[in-house]
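Trainee: What follows is protein-v7.cif, made up of mmCIF, C-alpha atoms:
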data_upload
#
loop_
_atom_site.label_atom_id
_atom_site.label_comp_id
_atom_site.auth_asym_id
_atom_site.auth_seq_id
_atom_site.Cartn_x
_atom_site.Cartn_y
_atom_site.Cartn_z
CA MET A 1 121.43 84.57 98.20
CA THR A 2 120.62 88.24 98.54
CA SER A 3 121.95 89.77 101.70
CA LEU A 4 120.08 91.98 104.14
CA ALA A 5 122.09 95.05 103.10
CA TYR A 6 120.50 95.05 99.62
CA TYR A 7 117.00 95.06 101.08
CA LEU A 8 117.97 97.90 103.42
CA LEU A 9 119.43 99.88 100.51
CA VAL A 10 116.27 99.36 98.45
CA ALA A 11 114.17 100.51 101.41
CA ALA A 12 116.42 103.57 101.86
CA LEU A 13 116.05 104.39 98.15
CA LEU A 14 112.26 104.03 98.27
CA PHE A 15 112.12 106.17 101.42
CA SER A 16 114.21 108.89 99.78
CA ILE A 17 112.08 108.86 96.61
CA GLY A 18 108.94 109.16 98.76
CA LEU A 19 110.49 111.94 100.83
CA ALA A 20 111.56 113.82 97.68
CA GLY A 21 108.05 113.45 96.25
CA ALA A 22 106.41 114.62 99.47
CA LEU A 23 108.66 117.68 99.60
CA VAL A 24 108.66 118.55 95.90
CA ARG A 25 105.19 117.89 94.47
CA ARG A 26 102.51 120.59 94.60
CA ASN A 27 99.43 118.34 94.54
CA ALA A 28 98.32 117.32 98.05
CA ILE A 29 97.35 113.81 96.86
CA LEU A 30 100.85 113.27 95.44
CA VAL A 31 102.30 114.30 98.80
CA LEU A 32 100.13 111.63 100.44
CA ILE A 33 101.42 109.11 97.87
CA GLY A 34 104.96 110.08 98.87
CA ILE A 35 104.11 109.43 102.52
CA GLU A 36 102.67 106.02 101.56
CA LEU A 37 105.94 105.21 99.79
CA MET A 38 107.90 106.10 102.94
CA LEU A 39 105.63 103.88 105.08
CA ASN A 40 106.08 101.02 102.62
CA ALA A 41 109.85 101.40 102.74
CA ALA A 42 109.67 101.10 106.54
CA ASN A 43 107.54 97.96 106.16
CA LEU A 44 110.15 96.44 103.84
CA ASN A 45 112.76 97.11 106.52
CA LEU A 46 110.59 95.44 109.18
CA ILE A 47 110.03 92.34 107.05
CA ALA A 48 113.70 92.12 106.05
CA PHE A 49 114.88 92.38 109.67
CA TRP A 50 112.26 89.78 110.68
CA ARG A 51 113.52 87.34 108.02
CA TYR A 52 117.22 87.86 108.82
CA GLY A 53 116.80 88.16 112.57
CA PRO A 54 117.79 85.43 115.03
CA HIS A 55 114.22 84.29 115.88
CA PRO A 56 111.89 84.59 112.87
CA GLU A 57 109.55 81.98 114.37
CA ARG A 58 108.57 84.53 117.06
CA LEU A 59 106.89 86.59 114.28
CA THR A 60 107.62 89.95 115.96
CA GLY A 61 108.70 91.81 112.82
CA MET A 62 105.97 90.41 110.61
CA ILE A 63 103.20 91.25 113.11
CA PHE A 64 104.70 94.73 113.45
CA ALA A 65 104.57 95.13 109.65
CA ILE A 66 100.93 93.93 109.55
CA PHE A 67 99.93 96.48 112.21
CA SER A 68 101.87 99.14 110.34
CA ILE A 69 99.92 98.30 107.15
CA ALA A 70 96.64 98.68 109.07
CA VAL A 71 97.67 102.05 110.54
CA ALA A 72 98.80 103.23 107.09
CA ALA A 73 95.39 102.33 105.68
CA ALA A 74 93.70 104.45 108.39
CA GLU A 75 96.11 107.30 107.65
CA ALA A 76 95.37 107.14 103.92
CA ALA A 77 91.60 107.22 104.50
CA VAL A 78 91.74 110.24 106.82
CA GLY A 79 94.32 112.06 104.66
CA LEU A 80 92.35 111.66 101.45
CA GLY A 81 89.14 112.69 103.23
CA LEU A 82 90.92 115.86 104.37
CA VAL A 83 92.17 116.55 100.84
CA ILE A 84 88.64 116.19 99.43
CA GLN A 85 87.24 118.55 102.07
CA ILE A 86 90.03 121.11 101.46
CA HIS A 87 89.36 120.92 97.74
CA ARG A 88 85.68 121.57 98.38
CA HIS A 89 86.55 124.53 100.60
CA ALA A 90 89.50 126.14 98.78
CA LYS A 91 88.76 124.81 95.23
CA THR A 92 92.36 123.66 94.87
CA THR A 93 94.69 120.85 95.88
CA ASP A 94 97.78 122.93 95.13
CA LEU A 95 99.80 123.15 98.33
CA ASP A 96 101.58 126.35 97.24
CA ALA A 97 98.16 128.01 96.96
CA MET A 98 97.06 126.90 100.45
CA ASN A 99 98.99 129.51 102.38
CA ARG A 100 96.46 130.76 104.91
CA MET A 101 95.25 129.17 108.11
CA LYS A 102 92.08 131.29 108.10
CA GLY A 103 89.15 129.66 106.35
CA MET B 1 116.71 84.30 94.11
CA SER B 2 119.06 87.09 93.17
CA ILE B 3 117.65 87.56 89.65
CA VAL B 4 114.13 87.70 91.13
CA PHE B 5 115.36 90.27 93.65
CA TYR B 6 116.98 92.48 90.98
CA VAL B 7 113.94 92.34 88.67
CA LEU B 8 111.52 93.13 91.53
CA THR B 9 113.74 95.93 92.82
CA THR B 10 114.07 97.50 89.38
CA ILE B 11 110.30 97.41 88.81
CA THR B 12 109.59 98.80 92.28
CA VAL B 13 112.11 101.65 92.12
CA MET B 14 111.10 102.57 88.54
CA GLY B 15 107.46 102.59 89.66
CA ALA B 16 108.30 104.83 92.62
CA LEU B 17 110.20 107.26 90.37
CA ALA B 18 107.29 107.28 87.90
CA ALA B 19 104.79 107.86 90.72
CA MET B 20 106.71 110.90 91.87
CA LEU B 21 107.74 112.33 88.47
CA LEU B 22 104.80 111.85 86.06
CA LYS B 23 102.71 114.91 85.27
CA ASN B 24 99.28 113.24 85.07
CA THR B 25 98.10 112.35 88.56
CA VAL B 26 96.11 109.30 87.41
CA HIS B 27 99.28 107.86 85.87
CA CYS B 28 101.01 108.47 89.21
CA ALA B 29 98.32 106.41 90.95
CA LEU B 30 98.82 103.57 88.45
CA ALA B 31 102.59 103.67 89.02
CA LEU B 32 101.87 103.60 92.75
CA SER B 33 100.00 100.30 92.42
CA VAL B 34 103.01 98.91 90.52
CA VAL B 35 105.18 99.89 93.51
CA PHE B 36 102.76 98.21 95.92
CA ALA B 37 102.72 95.01 93.83
CA GLY B 38 106.53 94.99 93.62
CA LEU B 39 106.78 95.40 97.39
CA ALA B 40 104.24 92.61 97.94
CA PHE B 41 106.37 90.26 95.83
CA LEU B 42 109.50 91.43 97.69
CA PHE B 43 107.73 90.47 100.95
CA MET B 44 106.94 87.07 99.47
CA SER B 45 110.56 86.63 98.37
CA LEU B 46 111.42 87.20 102.05
CA ASP B 47 109.15 84.24 103.00
CA ALA B 48 106.51 86.59 104.42
CA GLN B 49 103.60 85.38 102.30
CA TYR B 50 101.02 86.55 104.82
CA ALA B 51 102.34 90.12 104.88
CA GLY B 52 102.69 90.04 101.09
CA TRP B 53 99.04 89.15 100.55
CA ALA B 54 97.98 91.64 103.24
CA GLN B 55 99.92 94.22 101.22
CA VAL B 56 98.07 93.21 98.04
CA LEU B 57 94.67 93.36 99.76
CA VAL B 58 95.17 96.58 101.70
CA TYR B 59 97.35 98.63 99.37
CA ILE B 60 96.43 97.56 95.84
CA GLY B 61 92.86 96.70 96.79
CA ALA B 62 92.03 99.66 99.01
CA VAL B 63 94.61 102.46 99.19
CA ALA B 64 95.31 102.68 95.43
CA ILE B 65 91.56 102.69 94.68
CA LEU B 66 91.04 105.36 97.36
CA VAL B 67 93.79 107.49 95.80
CA VAL B 68 92.18 107.19 92.35
CA PHE B 69 88.80 108.19 93.84
CA ALA B 70 90.36 111.21 95.56
CA ILE B 71 92.13 112.27 92.35
CA LEU B 72 88.96 112.05 90.29
CA LEU B 73 86.82 113.78 92.97
CA THR B 74 89.26 116.70 93.19
CA LYS B 75 89.81 116.94 89.40
CA GLY B 76 93.49 116.41 90.17
CA SER B 77 94.18 114.80 86.80
CA GLU B 78 94.35 118.21 85.13
CA THR B 79 97.98 119.30 84.88
CA PRO B 80 98.39 122.75 86.45
CA LYS B 81 99.67 125.55 84.26
CA ASP B 82 102.66 126.49 86.38
CA GLY B 83 104.21 123.01 86.65
CA VAL B 84 103.74 120.06 88.98
CA PHE B 85 106.72 120.79 91.19
CA SER B 86 106.84 123.19 94.09
CA ARG B 87 108.80 126.46 93.96
CA THR B 88 111.22 125.08 96.54
CA TRP B 89 111.85 121.81 94.69
CA PHE B 90 115.63 122.14 94.87
CA VAL B 91 115.64 122.22 98.69
CA GLY B 92 113.41 119.14 98.79
CA LEU B 93 115.72 117.24 96.45
CA VAL B 94 118.78 118.19 98.50
CA ILE B 95 117.09 117.04 101.74
CA ALA B 96 116.02 113.70 100.17
CA ALA B 97 119.51 113.13 98.72
CA GLY B 98 121.01 113.90 102.11
CA VAL B 99 118.70 111.43 103.84
CA PHE B 100 119.57 108.74 101.27
CA ALA B 101 123.29 109.46 101.70
CA VAL B 102 123.06 109.08 105.49
CA LEU B 103 120.95 105.89 105.30
CA GLY B 104 123.19 104.38 102.62
CA TRP B 105 126.31 105.28 104.59
CA ALA B 106 124.85 103.65 107.72
CA VAL B 107 123.91 100.46 105.83
CA MET B 108 127.23 100.20 104.03
CA GLY B 109 129.14 100.89 107.25
CA SER B 110 127.33 98.11 109.13
CA MET B 111 127.46 95.61 106.25
CA LYS B 112 129.85 93.27 108.09
CA ALA B 113 127.78 93.27 111.29
CA LEU B 114 124.49 92.45 109.54
CA PRO B 115 123.22 88.90 110.18
CA GLN B 116 123.46 86.25 107.48
CA LEU B 117 120.44 84.42 106.13
CA THR B 118 119.17 81.68 108.42
CA ALA B 119 117.07 78.67 107.45
CA VAL B 120 113.58 79.31 106.07
CA PRO B 121 111.37 79.87 109.14
CA GLN B 122 108.66 77.25 109.57
CA VAL B 123 105.80 79.67 110.05
CA THR B 124 102.26 78.70 109.06
CA ASN B 125 99.19 80.90 108.89
CA LEU B 126 97.97 79.04 111.97
CA ASP B 127 100.98 80.36 113.90
CA ILE B 128 100.28 83.91 112.73
CA GLY B 129 96.62 83.60 113.73
CA ASN B 130 97.57 82.20 117.12
CA ALA B 131 100.05 85.04 117.64
CA LEU B 132 97.45 87.66 116.63
CA VAL B 133 94.80 86.43 119.05
CA GLY B 134 97.27 85.31 121.71
CA ARG B 135 100.36 87.33 122.41
CA TYR B 136 99.35 90.34 120.27
CA VAL B 137 95.65 90.47 121.09
CA LEU B 138 95.81 93.89 122.80
CA PRO B 139 97.55 95.63 119.85
CA LEU B 140 95.06 93.91 117.54
CA GLU B 141 92.12 95.34 119.50
CA ILE B 142 93.73 98.79 119.59
CA VAL B 143 94.27 98.68 115.81
CA ALA B 144 90.64 97.64 115.38
CA VAL B 145 89.47 100.63 117.45
CA LEU B 146 91.86 102.91 115.56
CA LEU B 147 90.58 101.71 112.17
CA THR B 148 86.95 102.17 113.22
CA ALA B 149 87.65 105.65 114.58
CA ALA B 150 89.63 106.58 111.45
CA MET B 151 86.90 105.39 109.09
CA ILE B 152 84.19 107.29 111.01
CA GLY B 153 86.48 110.33 111.16
CA ALA B 154 87.21 110.18 107.44
CA VAL B 155 83.50 110.03 106.63
CA ILE B 156 82.75 112.95 108.98
CA VAL B 157 85.60 115.02 107.56
CA ALA B 158 84.65 114.41 103.94
CA ILE B 159 80.88 114.51 104.37
CA HIS B 160 79.15 117.02 102.11
CA GLU B 161 77.49 119.86 103.99
CA LYS B 162 74.19 120.97 102.53
CA GLU B 163 73.85 124.58 101.40
CA GLY B 164 72.93 126.97 104.19
CA GLN B 165 73.63 124.49 106.97
CA LYS B 166 77.04 125.92 107.81
#
As a first step, turn the structure in this file into structure tokens.
Mentor:
Amino acid sequence: MTSLAYYLLVAALLFSIGLAGALVRRNAILVLIGIELMLNAANLNLIAFWRYGPHPERLTGMIFAIFSIAVAAAEAAVGLGLVIQIHRHAKTTDLDAMNRMKG
Amino acid sequence: MSIVFYVLTTITVMGALAAMLLKNTVHCALALSVVFAGLAFLFMSLDAQYAGWAQVLVYIGAVAILVVFAILLTKGSETPKDGVFSRTWFVGLVIAAGVFAVLGWAVMGSMKALPQLTAVPQVTNLDIGNALVGRYVLPLEIVAVLLTAAMIGAVIVAIHEKEGQK
């Protein structure tokens, strides 16, 4: 059987890949994808700890992961709406080009 | 079990690397749905079928499609002339590698203290439904309000202003 440590390592790897993408990519949508990857890695941790925890029948970790999925969906909708509006305003999604706060 | 885990992990991590490294943004979105599918199957391999199918519905069904829409609406599929990576890419890589080193060190250091696998939990969808409308009914309502507010907010943020109305 696979032990909990492997799941945690996979989640850490996914989190780091998402973090690297969010810090390194120029396109705002790709940065949002990186954030989604980080959220998913956290969900994998929640599910793994639920499964290996002492009382999986209490469902705490799984319900937490389901709520986290719902909040991530709201975050994605608002984030992509913002990116579309910024693109309409500044004609770019390049984060290195968005260097002014003034509209 | 272990072979399934290794295959799923390889697919998921390769998909994540592709999503962050490919030049064409549409290809990145496709790789992202591979990651979501791999994670959904990982959830199912952890006996969390409900969360796995929620992942399929919400992420592959909604978020990936939303990302593709955003890419096509912002013409993001065109590769920029001066590269897809930021000027400060090296700093970002160092920070991510540092985070992975710390997380990996913490996991490896606590390997002995981590709990062993217990028996498969006898959890039915009826139990999950009862928990959602029983013990967790207040968080469920708050998430419902949050989702409604976020959807209205997203529409208001992205709504197209007519010329001269600004």
Trainee: Go ahead and compute the interatomic distance for atom CA of B:Ala97 and atom CA of A:Met38, in Å to one decimal.
Mentor: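 Calculated distance between atom CA of B:Ala97 and atom CA of A:Met38 is 14.2 Å.
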Trainee: Enumerate, in order of chain and increasing residue number, the residues of chain B with an atom no farther than 6 Å from chain A, each with its shortest atom pair and distance in Å to one decimal, counting only C-alpha atoms, as CSV.
Mentor:
residue,atom,partner,partner_atom,distance
B:Ser2,CA,A:Thr2,CA,5.7
B:Met20,CA,A:Gly21,CA,5.2
B:Val84,CA,A:Arg26,CA,5.8
B:Phe85,CA,A:Arg25,CA,4.6
B:Ser86,CA,A:Arg26,CA,5.1
B:Trp89,CA,A:Val24,CA,4.7
B:Gly92,CA,A:Leu23,CA,5.0
B:Leu93,CA,A:Ala20,CA,5.5
B:Ala96,CA,A:Ala20,CA,5.1
B:Phe100,CA,A:Ser16,CA,5.6
B:Leu117,CA,A:Tyr52,CA,5.4
B:Pro121,CA,A:Glu57,CA,5.9
B:Leu147,CA,A:Ala74,CA,5.6
B:Ala150,CA,A:Ala74,CA,5.5
B:Ala154,CA,A:Val78,CA,4.6
B:Ala158,CA,A:Gly81,CA,4.9
Trainee: Please indicate the distance in Å from atom CA of B:Leu114 to atom CA of B:Leu126, rounded to one decimal place.
Mentor: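 Interatomic distance, atom CA of B:Leu114 to atom CA of B:Leu126: 29.8 Å.
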Trainee: Just the residues within 7 Å of B:Ala31, please, counting all atoms listed in the file, with nothing from its chain fewer than 4 positions along; format it as JSON, numbers by chain.
Mentor: {"B": [15, 16, 18, 19, 27, 35]}
Trainee: Work out how far apart atom CA of B:Ile11 and atom CA of B:Ala119 are and give it in Å to one decimal.
Mentor: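 We find that atom CA of B:Ile11 and atom CA of B:Ala119 lie 27.3 Å from each other.
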Trainee: Quick one: of B:Ile128, B:Leu73, B:Leu138, B:Ala149, who's nearest to B:Ala51, counting all atoms listed in the file?
Mentor: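 Result for the nearest residue to B:Ala51: B:Ile128.
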Trainee: Please provide the set of residues having any atom within 9 Å of B:Val68, restricted to all atoms listed in the file, with same-chain residues fewer than 5 positions apart removed, written as a list of chain:residue names.
Mentor: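 Here the answer would be B:Thr25, B:Val26, B:Ala29, B:Leu30, B:Val63, B:Leu73.
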Trainee: If you keep C-alpha atoms, can you output stretch 30-97 of chain A as a PDB file, in the first residue's frame?
Mentor:
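Listing of decode.pdb after writing:
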ATOM      1  CA  LEU A  30      -1.093  31.210 -16.709  1.00  0.00           C
ATOM      2  CA  VAL A  31      -0.513  32.762 -13.292  1.00  0.00           C
ATOM      3  CA  LEU A  32      -4.135  31.930 -12.410  1.00  0.00           C
ATOM      4  CA  ILE A  33      -3.530  28.361 -13.636  1.00  0.00           C
ATOM      5  CA  GLY A  34      -0.537  28.185 -11.289  1.00  0.00           C
ATOM      6  CA  ILE A  35      -2.738  29.304  -8.394  1.00  0.00           C
ATOM      7  CA  GLU A  36      -5.291  26.613  -9.323  1.00  0.00           C
ATOM      8  CA  LEU A  37      -2.501  24.022  -9.222  1.00  0.00           C
ATOM      9  CA  MET A  38      -1.519  25.175  -5.723  1.00  0.00           C
ATOM     10  CA  LEU A  39      -5.157  24.953  -4.536  1.00  0.00           C
ATOM     11  CA  ASN A  40      -5.430  21.454  -5.986  1.00  0.00           C
ATOM     12  CA  ALA A  41      -2.263  20.368  -4.204  1.00  0.00           C
ATOM     13  CA  ALA A  42      -3.796  21.579  -0.934  1.00  0.00           C
ATOM     14  CA  ASN A  43      -6.964  19.596  -1.718  1.00  0.00           C
ATOM     15  CA  LEU A  44      -4.884  16.459  -2.284  1.00  0.00           C
ATOM     16  CA  ASN A  45      -3.331  17.006   1.150  1.00  0.00           C
ATOM     17  CA  LEU A  46      -6.778  17.401   2.746  1.00  0.00           C
ATOM     18  CA  ILE A  47      -8.098  14.208   1.149  1.00  0.00           C
ATOM     19  CA  ALA A  48      -4.947  12.241   2.003  1.00  0.00           C
ATOM     20  CA  PHE A  49      -5.058  13.334   5.657  1.00  0.00           C
ATOM     21  CA  TRP A  50      -8.785  12.508   5.770  1.00  0.00           C
ATOM     22  CA  ARG A  51      -8.139   8.985   4.445  1.00  0.00           C
ATOM     23  CA  TYR A  52      -5.184   8.292   6.753  1.00  0.00           C
ATOM     24  CA  GLY A  53      -6.592  10.084   9.784  1.00  0.00           C
ATOM     25  CA  PRO A  54      -7.983   8.298  12.832  1.00  0.00           C
ATOM     26  CA  HIS A  55     -11.685   9.008  12.122  1.00  0.00           C
ATOM     27  CA  PRO A  56     -12.413   9.060   8.371  1.00  0.00           C
ATOM     28  CA  GLU A  57     -16.089   8.293   9.031  1.00  0.00           C
ATOM     29  CA  ARG A  58     -16.475  11.813  10.494  1.00  0.00           C
ATOM     30  CA  LEU A  59     -15.862  13.191   6.959  1.00  0.00           C
ATOM     31  CA  THR A  60     -14.143  16.371   8.194  1.00  0.00           C
ATOM     32  CA  GLY A  61     -11.311  16.384   5.649  1.00  0.00           C
ATOM     33  CA  MET A  62     -13.476  15.431   2.695  1.00  0.00           C
ATOM     34  CA  ILE A  63     -16.084  18.123   3.454  1.00  0.00           C
ATOM     35  CA  PHE A  64     -13.241  20.626   3.855  1.00  0.00           C
ATOM     36  CA  ALA A  65     -11.907  19.618   0.426  1.00  0.00           C
ATOM     37  CA  ILE A  66     -15.383  19.967  -1.147  1.00  0.00           C
ATOM     38  CA  PHE A  67     -15.774  23.483   0.287  1.00  0.00           C
ATOM     39  CA  SER A  68     -12.271  24.307  -0.893  1.00  0.00           C
ATOM     40  CA  ILE A  69     -13.208  23.171  -4.432  1.00  0.00           C
ATOM     41  CA  ALA A  70     -16.265  25.466  -4.337  1.00  0.00           C
ATOM     42  CA  VAL A  71     -14.228  28.462  -3.149  1.00  0.00           C
ATOM     43  CA  ALA A  72     -11.594  27.760  -5.830  1.00  0.00           C
ATOM     44  CA  ALA A  73     -14.319  27.795  -8.486  1.00  0.00           C
ATOM     45  CA  ALA A  74     -15.486  31.228  -7.257  1.00  0.00           C
ATOM     46  CA  GLU A  75     -11.880  32.443  -7.264  1.00  0.00           C
ATOM     47  CA  ALA A  76     -11.336  31.232 -10.834  1.00  0.00           C
ATOM     48  CA  ALA A  77     -14.494  32.958 -12.079  1.00  0.00           C
ATOM     49  CA  VAL A  78     -13.620  36.316 -10.497  1.00  0.00           C
ATOM     50  CA  GLY A  79      -9.938  36.080 -11.492  1.00  0.00           C
ATOM     51  CA  LEU A  80     -10.665  35.319 -15.136  1.00  0.00           C
ATOM     52  CA  GLY A  81     -13.299  38.074 -15.233  1.00  0.00           C
ATOM     53  CA  LEU A  82     -10.643  40.497 -13.951  1.00  0.00           C
ATOM     54  CA  VAL A  83      -8.147  39.303 -16.570  1.00  0.00           C
ATOM     55  CA  ILE A  84     -10.692  39.839 -19.358  1.00  0.00           C
ATOM     56  CA  GLN A  85     -11.474  43.346 -18.106  1.00  0.00           C
ATOM     57  CA  ILE A  86      -7.762  44.216 -17.776  1.00  0.00           C
ATOM     58  CA  HIS A  87      -7.172  42.953 -21.293  1.00  0.00           C
ATOM     59  CA  ARG A  88     -10.002  45.148 -22.547  1.00  0.00           C
ATOM     60  CA  HIS A  89      -8.538  48.136 -20.699  1.00  0.00           C
ATOM     61  CA  ALA A  90      -4.775  47.703 -21.203  1.00  0.00           C
ATOM     62  CA  LYS A  91      -4.875  45.562 -24.407  1.00  0.00           C
ATOM     63  CA  THR A  92      -2.457  43.073 -22.870  1.00  0.00           C
ATOM     64  CA  THR A  93      -2.343  40.162 -20.437  1.00  0.00           C
ATOM     65  CA  ASP A  94       1.424  40.465 -20.020  1.00  0.00           C
ATOM     66  CA  LEU A  95       2.101  41.046 -16.330  1.00  0.00           C
ATOM     67  CA  ASP A  96       5.491  42.672 -16.997  1.00  0.00           C
ATOM     68  CA  ALA A  97       3.691  45.290 -19.099  1.00  0.00           C
TER      69      ALA A  97
END
